[in-house]
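Reproduced below: my_file-v4.cif, with mmCIF, C-alpha atoms (C1' of nucleotides).
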```cif
data_upload
#
loop_
_atom_site.group_PDB
_atom_site.id
_atom_site.type_symbol
_atom_site.label_atom_id
_atom_site.label_comp_id
_atom_site.auth_asym_id
_atom_site.auth_seq_id
_atom_site.Cartn_x
_atom_site.Cartn_y
_atom_site.Cartn_z
ATOM 1 C CA MET V 79 0.000 0.000 0.000
ATOM 2 C CA SER V 80 2.841 2.309 0.699
ATOM 3 C CA ASN V 81 4.998 1.960 -2.361
ATOM 4 C CA THR V 82 4.014 0.394 -5.627
ATOM 5 C CA SER V 83 1.102 -1.287 -3.939
ATOM 6 C CA VAL V 84 1.793 -4.533 -5.682
ATOM 7 C CA LEU V 85 0.388 -7.299 -3.591
ATOM 8 C CA PRO V 86 2.748 -9.920 -2.255
ATOM 9 C CA LEU V 87 0.863 -12.860 -3.589
ATOM 10 C CA ILE V 88 4.130 -14.447 -4.448
ATOM 11 C CA GLU V 89 7.426 -13.555 -2.950
ATOM 12 C CA ALA V 90 9.991 -14.160 -5.633
ATOM 13 C CA GLU V 91 9.514 -13.994 -9.355
ATOM 14 C CA GLY V 92 13.008 -14.592 -10.568
ATOM 15 C CA SER V 93 12.640 -18.105 -11.848
ATOM 16 C CA GLU V 94 9.957 -20.731 -11.777
ATOM 17 C CA ALA V 95 10.114 -21.124 -8.029
ATOM 18 C CA VAL V 96 6.657 -20.154 -6.984
ATOM 19 C CA ALA V 97 6.185 -19.198 -3.363
ATOM 20 C CA PRO V 98 2.445 -18.872 -2.958
ATOM 21 C CA CYS V 99 0.957 -16.841 -0.191
ATOM 22 C CA CYS V 100 -1.193 -19.665 1.029
ATOM 23 C CA PRO V 101 -1.535 -23.417 1.078
ATOM 24 C CA PRO V 102 -4.172 -25.124 -1.019
ATOM 25 C CA LEU V 103 -7.661 -24.234 0.081
ATOM 26 C CA THR V 104 -8.298 -27.795 1.108
ATOM 27 C CA GLU V 105 -5.241 -28.250 3.254
ATOM 28 C CA ARG V 106 -6.249 -26.327 6.348
ATOM 29 C CA PRO V 107 -8.454 -23.371 7.229
ATOM 30 C CA PHE V 108 -7.020 -20.114 6.069
ATOM 31 C CA THR V 109 -5.861 -17.640 8.626
ATOM 32 C CA ALA V 110 -7.244 -14.138 8.489
ATOM 33 C CA GLU V 111 -4.067 -12.857 6.892
ATOM 34 C CA GLU V 112 -3.902 -15.544 4.253
ATOM 35 C CA ALA V 113 -7.528 -15.014 3.404
ATOM 36 C CA GLU V 114 -6.984 -11.301 3.058
ATOM 37 C CA THR V 115 -4.155 -11.789 0.588
ATOM 38 C CA ALA V 116 -5.794 -14.450 -1.495
ATOM 39 C CA ALA V 117 -9.152 -12.694 -1.516
ATOM 40 C CA ARG V 118 -7.595 -9.639 -3.117
ATOM 41 C CA MET V 119 -6.490 -11.798 -5.970
ATOM 42 C CA PHE V 120 -9.855 -13.460 -6.406
ATOM 43 C CA LYS V 121 -11.580 -10.129 -6.151
ATOM 44 C CA ALA V 122 -9.410 -8.782 -8.930
ATOM 45 C CA LEU V 123 -10.732 -11.540 -11.171
ATOM 46 C CA GLY V 124 -14.251 -11.239 -9.832
ATOM 47 C CA ASP V 125 -15.352 -8.776 -12.461
ATOM 48 C CA PRO V 126 -16.396 -9.928 -15.937
ATOM 49 C CA VAL V 127 -14.601 -7.088 -17.650
ATOM 50 C CA ARG V 128 -11.374 -7.721 -15.773
ATOM 51 C CA LEU V 129 -11.626 -11.426 -16.448
ATOM 52 C CA ARG V 130 -11.999 -10.790 -20.153
ATOM 53 C CA LEU V 131 -9.079 -8.398 -20.154
ATOM 54 C CA PHE V 132 -6.924 -10.822 -18.230
ATOM 55 C CA SER V 133 -7.874 -13.701 -20.462
ATOM 56 C CA ALA V 134 -7.214 -11.601 -23.540
ATOM 57 C CA VAL V 135 -3.724 -10.783 -22.348
ATOM 58 C CA ALA V 136 -3.002 -14.288 -21.132
ATOM 59 C CA SER V 137 -4.074 -15.900 -24.359
ATOM 60 C CA HIS V 138 -2.339 -13.421 -26.617
ATOM 61 C CA ALA V 139 0.782 -14.362 -28.497
ATOM 62 C CA ALA V 140 3.973 -14.053 -26.443
ATOM 63 C CA GLY V 141 1.830 -13.561 -23.378
ATOM 64 C CA GLU V 142 1.501 -9.868 -23.895
ATOM 65 C CA ALA V 143 -0.886 -7.537 -25.634
ATOM 66 C CA CYS V 144 -1.252 -3.851 -26.234
ATOM 67 C CA VAL V 145 -4.260 -2.099 -24.846
ATOM 68 C CA CYS V 146 -5.542 -1.384 -28.318
ATOM 69 C CA ASP V 147 -5.810 -5.137 -28.931
ATOM 70 C CA ILE V 148 -7.916 -5.968 -25.926
ATOM 71 C CA SER V 149 -10.021 -2.888 -25.283
ATOM 72 C CA ASP V 150 -13.028 -4.257 -27.125
ATOM 73 C CA VAL V 151 -14.939 -5.517 -24.129
ATOM 74 C CA GLY V 152 -17.961 -3.277 -24.277
ATOM 75 C CA VAL V 153 -16.952 -0.531 -21.900
ATOM 76 C CA SER V 154 -15.373 2.845 -22.441
ATOM 77 C CA GLN V 155 -11.660 3.133 -22.688
ATOM 78 C CA PRO V 156 -11.167 4.918 -19.371
ATOM 79 C CA THR V 157 -12.937 1.990 -17.782
ATOM 80 C CA VAL V 158 -10.594 -0.430 -19.505
ATOM 81 C CA SER V 159 -7.656 1.531 -18.196
ATOM 82 C CA HIS V 160 -9.157 1.503 -14.743
ATOM 83 C CA HIS V 161 -9.545 -2.264 -14.751
ATOM 84 C CA LEU V 162 -6.075 -2.846 -16.107
ATOM 85 C CA LYS V 163 -4.747 -0.741 -13.297
ATOM 86 C CA LYS V 164 -6.655 -2.864 -10.806
ATOM 87 C CA LEU V 165 -5.189 -6.038 -12.277
ATOM 88 C CA LYS V 166 -1.760 -4.492 -12.116
ATOM 89 C CA GLU V 167 -2.221 -3.497 -8.501
ATOM 90 C CA ALA V 168 -3.278 -7.037 -7.740
ATOM 91 C CA GLY V 169 0.017 -8.260 -9.153
ATOM 92 C CA LEU V 170 -1.618 -10.180 -11.977
ATOM 93 C CA LEU V 171 -0.401 -8.029 -14.828
ATOM 94 C CA ALA V 172 2.654 -5.964 -15.607
ATOM 95 C CA SER V 173 2.724 -3.071 -18.034
ATOM 96 C CA GLU V 174 5.399 -1.558 -20.184
ATOM 97 C CA ARG V 175 5.259 1.396 -22.520
ATOM 98 C CA ARG V 176 6.863 0.785 -25.898
ATOM 99 C CA GLY V 177 6.624 3.851 -28.050
ATOM 100 C CA THR V 178 3.056 4.805 -28.629
ATOM 101 C CA TRP V 179 1.486 1.734 -27.149
ATOM 102 C CA VAL V 180 1.403 0.225 -23.708
ATOM 103 C CA TYR V 181 1.794 -3.524 -23.476
ATOM 104 C CA TYR V 182 0.402 -5.646 -20.675
ATOM 105 C CA ARG V 183 1.896 -8.963 -19.728
ATOM 106 C CA VAL V 184 0.779 -11.786 -17.446
ATOM 107 C CA GLU V 185 2.846 -12.808 -14.475
ATOM 108 C CA PRO V 186 3.049 -16.573 -15.043
ATOM 109 C CA SER V 187 4.104 -17.324 -11.496
ATOM 110 C CA VAL V 188 0.971 -15.703 -10.187
ATOM 111 C CA LEU V 189 -1.156 -17.885 -12.392
ATOM 112 C CA ALA V 190 0.671 -20.921 -11.114
ATOM 113 C CA ALA V 191 0.219 -19.814 -7.538
ATOM 114 C CA MET V 192 -3.497 -19.434 -8.047
ATOM 115 C CA GLY V 193 -3.696 -22.833 -9.627
ATOM 116 C CA LYS V 194 -1.986 -24.394 -6.651
ATOM 117 C CA LEU V 195 -4.381 -22.655 -4.338
ATOM 118 C CA LEU V 196 -7.244 -24.494 -5.938
ATOM 119 C CA THR V 197 -5.518 -27.827 -6.099
ATOM 120 C CA MET V 198 -6.928 -30.611 -4.035
ATOM 121 C CA ALA V 199 -4.770 -31.678 -1.170
ATOM 122 C CA PRO V 200 -2.752 -34.607 -2.520
ATOM 123 C CA ALA V 201 -3.224 -36.899 0.455
ATOM 124 C CA THR V 202 -6.987 -37.072 0.672
ATOM 125 C CA ALA V 203 -8.945 -38.737 -2.062
ATOM 126 C CA MET D 28 -34.556 -15.766 -5.136
ATOM 127 C CA SER D 29 -36.674 -17.849 -7.451
ATOM 128 C CA ASN D 30 -35.541 -21.321 -6.640
ATOM 129 C CA THR D 31 -32.147 -22.426 -5.499
ATOM 130 C CA SER D 32 -30.468 -20.135 -8.032
ATOM 131 C CA VAL D 33 -27.398 -22.299 -8.219
ATOM 132 C CA LEU D 34 -25.109 -21.102 -10.936
ATOM 133 C CA PRO D 35 -24.278 -23.461 -13.769
ATOM 134 C CA LEU D 36 -20.566 -23.360 -13.316
ATOM 135 C CA ILE D 37 -20.480 -27.004 -14.081
ATOM 136 C CA GLU D 38 -23.109 -28.898 -15.910
ATOM 137 C CA ALA D 39 -23.027 -32.385 -14.503
ATOM 138 C CA GLU D 40 -21.975 -33.445 -11.065
ATOM 139 C CA GLY D 41 -22.741 -37.101 -11.176
ATOM 140 C CA SER D 42 -19.261 -38.515 -11.307
ATOM 141 C CA GLU D 43 -15.817 -37.082 -11.755
ATOM 142 C CA ALA D 44 -16.528 -35.852 -15.251
ATOM 143 C CA VAL D 45 -16.017 -32.146 -14.889
ATOM 144 C CA ALA D 46 -17.582 -29.936 -17.501
ATOM 145 C CA PRO D 47 -16.189 -26.512 -16.770
ATOM 146 C CA CYS D 48 -17.946 -23.444 -17.959
ATOM 147 C CA CYS D 49 -14.894 -22.083 -19.669
ATOM 148 C CA PRO D 50 -11.555 -23.018 -21.154
ATOM 149 C CA PRO D 51 -8.326 -22.198 -19.374
ATOM 150 C CA LEU D 52 -7.772 -18.493 -19.072
ATOM 151 C CA THR D 53 -4.729 -18.731 -21.285
ATOM 152 C CA GLU D 54 -6.327 -20.622 -24.105
ATOM 153 C CA ARG D 55 -8.324 -17.879 -25.782
ATOM 154 C CA PRO D 56 -10.034 -14.656 -24.807
ATOM 155 C CA PHE D 57 -13.155 -15.240 -22.797
ATOM 156 C CA THR D 58 -16.460 -14.342 -24.298
ATOM 157 C CA ALA D 59 -18.741 -12.038 -22.383
ATOM 158 C CA GLU D 60 -20.873 -14.952 -21.278
ATOM 159 C CA GLU D 61 -17.967 -17.072 -20.106
ATOM 160 C CA ALA D 62 -16.522 -14.148 -18.229
ATOM 161 C CA GLU D 63 -19.827 -13.510 -16.536
ATOM 162 C CA THR D 64 -20.073 -17.060 -15.301
ATOM 163 C CA ALA D 65 -16.497 -17.401 -14.148
ATOM 164 C CA ALA D 66 -16.424 -13.963 -12.572
ATOM 165 C CA ARG D 67 -19.315 -14.903 -10.310
ATOM 166 C CA MET D 68 -17.241 -17.727 -8.971
ATOM 167 C CA PHE D 69 -14.182 -15.613 -8.410
ATOM 168 C CA LYS D 70 -16.265 -12.899 -6.846
ATOM 169 C CA ALA D 71 -17.703 -15.395 -4.422
ATOM 170 C CA LEU D 72 -14.187 -16.131 -3.221
ATOM 171 C CA GLY D 73 -13.174 -12.493 -3.365
ATOM 172 C CA ASP D 74 -14.097 -11.807 0.221
ATOM 173 C CA PRO D 75 -11.763 -12.761 3.064
ATOM 174 C CA VAL D 76 -14.577 -14.023 5.254
ATOM 175 C CA ARG D 77 -15.996 -16.195 2.488
ATOM 176 C CA LEU D 78 -12.565 -17.507 1.645
ATOM 177 C CA ARG D 79 -11.996 -18.508 5.247
ATOM 178 C CA LEU D 80 -15.368 -20.170 5.439
ATOM 179 C CA PHE D 81 -14.804 -22.013 2.200
ATOM 180 C CA SER D 82 -11.351 -23.106 3.250
ATOM 181 C CA ALA D 83 -12.671 -24.218 6.611
ATOM 182 C CA VAL D 84 -15.273 -26.401 4.965
ATOM 183 C CA ALA D 85 -12.917 -27.698 2.297
ATOM 184 C CA SER D 86 -10.240 -28.678 4.763
ATOM 185 C CA HIS D 87 -12.597 -30.237 7.254
ATOM 186 C CA ALA D 88 -12.756 -33.951 7.701
ATOM 187 C CA ALA D 89 -14.999 -35.710 5.170
ATOM 188 C CA GLY D 90 -15.212 -32.451 3.260
ATOM 189 C CA GLU D 91 -18.086 -31.153 5.283
ATOM 190 C CA ALA D 92 -18.535 -29.080 8.395
ATOM 191 C CA CYS D 93 -21.356 -27.767 10.507
ATOM 192 C CA VAL D 94 -21.818 -24.063 10.849
ATOM 193 C CA CYS D 95 -20.942 -24.196 14.512
ATOM 194 C CA ASP D 96 -17.478 -25.457 13.599
ATOM 195 C CA ILE D 97 -16.547 -22.719 11.205
ATOM 196 C CA SER D 98 -18.346 -19.631 12.432
ATOM 197 C CA ASP D 99 -15.329 -18.287 14.278
ATOM 198 C CA VAL D 100 -14.140 -15.876 11.641
ATOM 199 C CA GLY D 101 -14.585 -12.622 13.464
ATOM 200 C CA VAL D 102 -17.998 -11.571 12.232
ATOM 201 C CA SER D 103 -21.457 -12.007 13.652
ATOM 202 C CA GLN D 104 -23.341 -15.149 12.984
ATOM 203 C CA PRO D 105 -25.928 -13.631 10.643
ATOM 204 C CA THR D 106 -23.035 -12.437 8.563
ATOM 205 C CA VAL D 107 -21.626 -15.938 8.477
ATOM 206 C CA SER D 108 -24.971 -17.217 7.336
ATOM 207 C CA HIS D 109 -25.127 -14.538 4.702
ATOM 208 C CA HIS D 110 -21.734 -15.475 3.303
ATOM 209 C CA LEU D 111 -22.501 -19.174 3.341
ATOM 210 C CA LYS D 112 -25.604 -18.397 1.340
ATOM 211 C CA LYS D 113 -23.525 -16.508 -1.171
ATOM 212 C CA LEU D 114 -21.139 -19.413 -1.527
ATOM 213 C CA LYS D 115 -24.083 -21.728 -1.976
ATOM 214 C CA GLU D 116 -25.600 -19.503 -4.620
ATOM 215 C CA ALA D 117 -22.285 -19.496 -6.430
ATOM 216 C CA GLY D 118 -22.424 -23.277 -6.545
ATOM 217 C CA LEU D 119 -19.347 -23.733 -4.423
ATOM 218 C CA LEU D 120 -21.023 -25.213 -1.396
ATOM 219 C CA ALA D 121 -24.002 -27.409 -0.713
ATOM 220 C CA SER D 122 -25.882 -27.490 2.557
ATOM 221 C CA GLU D 123 -27.871 -30.118 4.326
ATOM 222 C CA ARG D 124 -29.752 -29.995 7.587
ATOM 223 C CA ARG D 125 -29.096 -32.935 9.881
ATOM 224 C CA GLY D 126 -31.066 -32.581 13.067
ATOM 225 C CA THR D 127 -30.143 -29.430 14.868
ATOM 226 C CA TRP D 128 -27.145 -28.547 12.823
ATOM 227 C CA VAL D 129 -26.649 -27.574 9.206
ATOM 228 C CA TYR D 130 -23.710 -29.081 7.398
ATOM 229 C CA TYR D 131 -21.941 -27.482 4.473
ATOM 230 C CA ARG D 132 -20.051 -29.467 1.905
ATOM 231 C CA VAL D 133 -17.707 -28.543 -0.923
ATOM 232 C CA GLU D 134 -18.530 -29.435 -4.469
ATOM 233 C CA PRO D 135 -15.294 -31.141 -5.521
ATOM 234 C CA SER D 136 -16.029 -30.821 -9.211
ATOM 235 C CA VAL D 137 -16.304 -27.086 -8.873
ATOM 236 C CA LEU D 138 -12.914 -26.923 -7.258
ATOM 237 C CA ALA D 139 -11.484 -28.960 -10.084
ATOM 238 C CA ALA D 140 -13.140 -26.740 -12.653
ATOM 239 C CA MET D 141 -11.632 -23.678 -11.083
ATOM 240 C CA GLY D 142 -8.237 -25.283 -11.011
ATOM 241 C CA LYS D 143 -8.465 -26.060 -14.698
ATOM 242 C CA LEU D 144 -9.447 -22.504 -15.388
ATOM 243 C CA LEU D 145 -6.158 -21.352 -14.001
ATOM 244 C CA THR D 146 -4.096 -24.011 -15.652
ATOM 245 C CA MET D 147 -1.647 -22.932 -18.281
ATOM 246 C CA ALA D 148 -2.569 -24.020 -21.746
ATOM 247 C CA PRO D 149 -0.807 -27.355 -22.172
ATOM 248 C CA ALA D 150 0.538 -26.726 -25.647
ATOM 249 C CA THR D 151 2.518 -23.583 -25.045
ATOM 250 C CA ALA D 152 5.591 -23.720 -22.881
ATOM 251 C "C1'" DC Q 201 6.210 23.494 -33.650
ATOM 252 C "C1'" DA Q 202 1.483 22.023 -34.246
ATOM 253 C "C1'" DG Q 203 -1.702 18.551 -34.534
ATOM 254 C "C1'" DC Q 204 -3.056 13.850 -33.805
ATOM 255 C "C1'" DT Q 205 -3.542 9.398 -31.396
ATOM 256 C "C1'" DG Q 206 -3.178 6.278 -27.404
ATOM 257 C "C1'" DC Q 207 -3.640 5.907 -22.684
ATOM 258 C "C1'" DT Q 208 -4.231 7.530 -17.890
ATOM 259 C "C1'" DT Q 209 -6.151 10.365 -14.233
ATOM 260 C "C1'" DC Q 210 -9.933 13.092 -12.119
ATOM 261 C "C1'" DG Q 211 -14.530 13.927 -10.407
ATOM 262 C "C1'" DA Q 212 -19.150 12.426 -10.066
ATOM 263 C "C1'" DT Q 213 -22.980 9.178 -9.855
ATOM 264 C "C1'" DG Q 214 -25.635 5.123 -9.220
ATOM 265 C "C1'" DA Q 215 -25.449 0.317 -8.027
ATOM 266 C "C1'" DA Q 216 -23.697 -3.467 -5.367
ATOM 267 C "C1'" DC Q 217 -21.682 -5.140 -1.199
ATOM 268 C "C1'" DG Q 218 -20.558 -6.240 3.801
ATOM 269 C "C1'" DT Q 219 -22.152 -5.763 8.175
ATOM 270 C "C1'" DC Q 220 -25.169 -5.713 11.990
ATOM 271 C "C1'" DA Q 221 -29.477 -5.849 15.034
ATOM 272 C "C1'" DA Q 222 -33.887 -7.723 15.206
ATOM 273 C "C1'" DC Q 223 -37.037 -11.105 13.987
ATOM 274 C "C1'" DA Q 224 -38.483 -15.723 12.158
ATOM 275 C "C1'" DT Q 225 -38.049 -20.723 11.730
ATOM 276 C "C1'" DA Q 226 -36.632 -25.579 12.677
ATOM 277 C "C1'" DG Q 227 -35.517 -29.121 15.602
ATOM 278 C "C1'" DA Q 228 -34.325 -31.078 20.477
ATOM 279 C "C1'" DC Q 229 -35.540 -31.938 25.034
ATOM 280 C "C1'" DA Q 230 -37.965 -31.645 29.368
ATOM 281 C "C1'" DT T 92 -46.797 -28.556 24.968
ATOM 282 C "C1'" DG T 93 -43.476 -25.195 26.040
ATOM 283 C "C1'" DT T 94 -38.891 -23.560 25.970
ATOM 284 C "C1'" DC T 95 -34.275 -23.356 24.561
ATOM 285 C "C1'" DT T 96 -30.591 -23.607 21.110
ATOM 286 C "C1'" DA T 97 -29.005 -23.340 16.358
ATOM 287 C "C1'" DT T 98 -29.631 -21.134 11.746
ATOM 288 C "C1'" DG T 99 -31.643 -18.497 8.295
ATOM 289 C "C1'" DT T 100 -33.985 -14.096 6.813
ATOM 290 C "C1'" DT T 101 -35.173 -9.172 6.677
ATOM 291 C "C1'" DG T 102 -34.290 -4.343 6.692
ATOM 292 C "C1'" DA T 103 -31.201 -0.639 7.205
ATOM 293 C "C1'" DC T 104 -26.818 1.821 7.005
ATOM 294 C "C1'" DG T 105 -22.256 3.074 5.550
ATOM 295 C "C1'" DT T 106 -18.691 1.801 2.354
ATOM 296 C "C1'" DT T 107 -16.770 0.240 -1.777
ATOM 297 C "C1'" DC T 108 -16.993 -0.337 -6.660
ATOM 298 C "C1'" DA T 109 -17.907 0.075 -11.699
ATOM 299 C "C1'" DT T 110 -18.816 3.278 -15.017
ATOM 300 C "C1'" DC T 111 -18.759 7.406 -17.623
ATOM 301 C "C1'" DG T 112 -17.363 12.193 -19.532
ATOM 302 C "C1'" DA T 113 -13.869 15.512 -19.458
ATOM 303 C "C1'" DA T 114 -9.341 16.784 -18.968
ATOM 304 C "C1'" DG T 115 -4.379 15.764 -18.835
ATOM 305 C "C1'" DC T 116 -0.028 13.491 -20.248
ATOM 306 C "C1'" DA T 117 3.085 10.919 -23.559
ATOM 307 C "C1'" DG T 118 4.774 9.950 -27.931
ATOM 308 C "C1'" DC T 119 4.398 9.864 -33.043
ATOM 309 C "C1'" DT T 120 4.046 12.384 -37.499
ATOM 310 C "C1'" DG T 121 3.515 16.066 -40.472
#
```
Would you mind giving the structure from this file in structure tokens?
Amino acid sequence: MSNTSVLPLIEAEGSEAVAPCCPPLTERPFTAEEAETAARMFKALGDPVRLRLFSAVASHAAGEACVCDISDVGVSQPTVSHHLKKLKEAGLLASERRGTWVYYRVEPSVLAAMGKLLTMAPATA
Amino acid sequence: MSNTSVLPLIEAEGSEAVAPCCPPLTERPFTAEEAETAARMFKALGDPVRLRLFSAVASHAAGEACVCDISDVGVSQPTVSHHLKKLKEAGLLASERRGTWVYYRVEPSVLAAMGKLLTMAPATA
DNA sequence: CAGCTGCTTCGATGAACGTCAACATAGACA
DNA sequence: TGTCTATGTTGACGTTCATCGAAGCAGCTG
């Protein structure tokens, strides 16, 4: 909240070593802190427009897309920008300006962390 | 409001055949309809209290828990009931009254569907 | 430099949400 | 039957959120 306000869903993003904030949902009850962190992530994807934007970026070639490519989701462009900012604040997207256009890119480790969150605990059947 | 208003996140729940509403997020851009459906699910988990409740149920023995076991999340009991109703409406939980107590149970197929949603597309590296 | 395009920020508005207190309902037990 | 406990429901209140139009900033192009 103080600096870049990027949420610490994962701790390191250098390689493929994913350090999720929380164990799988089925492993043990979440603590208040874990729930707070993970809920921010789910909330970021809890809007249809944001989900479409995120999916558009994630499915784009090279894992990145310029705003002009994905802004056809039925809302005004300021709204698109607003949602992209929300996704960025949630740590799900990263943006980079390249000349005229701004490109958004998915953080793959975050996607992996979310996937693990929803994985069944391996022990129980 | 009308009936049970359970969302059709998955179509069949008979066996382990999961029929998710949507492809993986990375496969192709979501349509408006897909995004609407999936966003409801994410939104349901986008609240810390609901996430704790869901995790408490999911991690409980036999995959089910009575309200009295999980209502210690720092909010009043009507609020707990309210959130459990939301989770039920989202299709993530199912409830059953057994004598005095009401037991909530996780829909395993829904969890699997969500996990698949966040899976990387298998083809791309 | 001037004009144009792409994107973000600002301010406002209406809707949705989380929370609680109070009431209602269902079952257990005396 | 009456009462007590466990849950669900209703209504209200304050907050957050999504959305838009207008304005501002950044970079290209003439």
Run the PyMOL selection byres ((chain D and resi 126) around 12) against the file shown and list the residues it catches, as a list of chain:residue names. D:Cys93, D:Glu123, D:Arg124, D:Arg125, D:Thr127, D:Trp128, D:Val129, D:Tyr130, Q:DA226, Q:DG227, Q:DA228, T:DA97, T:DT98
Taking the file as shown, find all residues satisfying the PyMOL selection byres ((chain T) within 10 of (chain V)) and write them as an NGL selection string. :T and (109-112 or 117-119)
Residue nearest chain D - candidates V:Lys194, V:Lys121, V:Lys166, V:Arg183, atoms counted: only C-alpha atoms: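 Between V:Lys194, V:Lys121, V:Lys166, V:Arg183, the residue approaching chain D most closely is V:Lys121.
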Give me the chain Q side of the contact with chain D, cut-off 12 Å, one line per residue showing its nearest atom pair and distance in Å at one decimal, counting all atoms listed in the file, sorted by chain and residue number, as a tab-separated table.
```
residue	atom	partner	partner_atom	distance
Q:DC217	C1'	D:Asp74	CA	10.2
Q:DG218	C1'	D:Thr106	CA	8.2
Q:DT219	C1'	D:Thr106	CA	6.7
Q:DC220	C1'	D:Ser103	CA	7.5
Q:DA221	C1'	D:Pro105	CA	9.6
Q:DA222	C1'	D:Pro105	CA	10.9
Q:DC223	C1'	D:Pro105	CA	11.9
Q:DA226	C1'	D:Thr127	CA	7.9
Q:DG227	C1'	D:Thr127	CA	5.4
Q:DA228	C1'	D:Thr127	CA	7.2
Q:DC229	C1'	D:Thr127	CA	11.8
```
Atomic distance CA of Pro56 (chain D) - CA of Leu131 (chain V), expressed in Å with one decimal: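 A separation of 7.9 Å between them.
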What residues in chain D lie within 7 Å of chain V, counting all atoms listed in the file, written as a PyMOL selection string? chain D and resi 52-57+62-63+66-67+69-70+72-75+78-79+82-83+85-86+138+141-142+145-146
Quick one: distance from CA of Leu119 (chain D) to CA of Pro101 (chain V) in Å, one decimal?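 Computing the Euclidean distance for CA of Leu119 (chain D) and CA of Pro101 (chain V) yields 18.6 Å.
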What is the distance, in Å and to one decimal place, between C1' of DC207 (chain Q) and C1' of DA114 (chain T)?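 Interatomic distance here is 12.8 Å.
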Would you compute the box with edges along x, y and z of the file around region 215-226 of chain Q, including every atom the file lists for it and 5 Å extra on each side, and give its centre and edge lengths in Å to one decimal, as JSON?
```
{"center_x": -29.5, "center_y": -12.6, "center_z": 3.6, "size_x": 27.9, "size_y": 35.9, "size_z": 33.2}
```
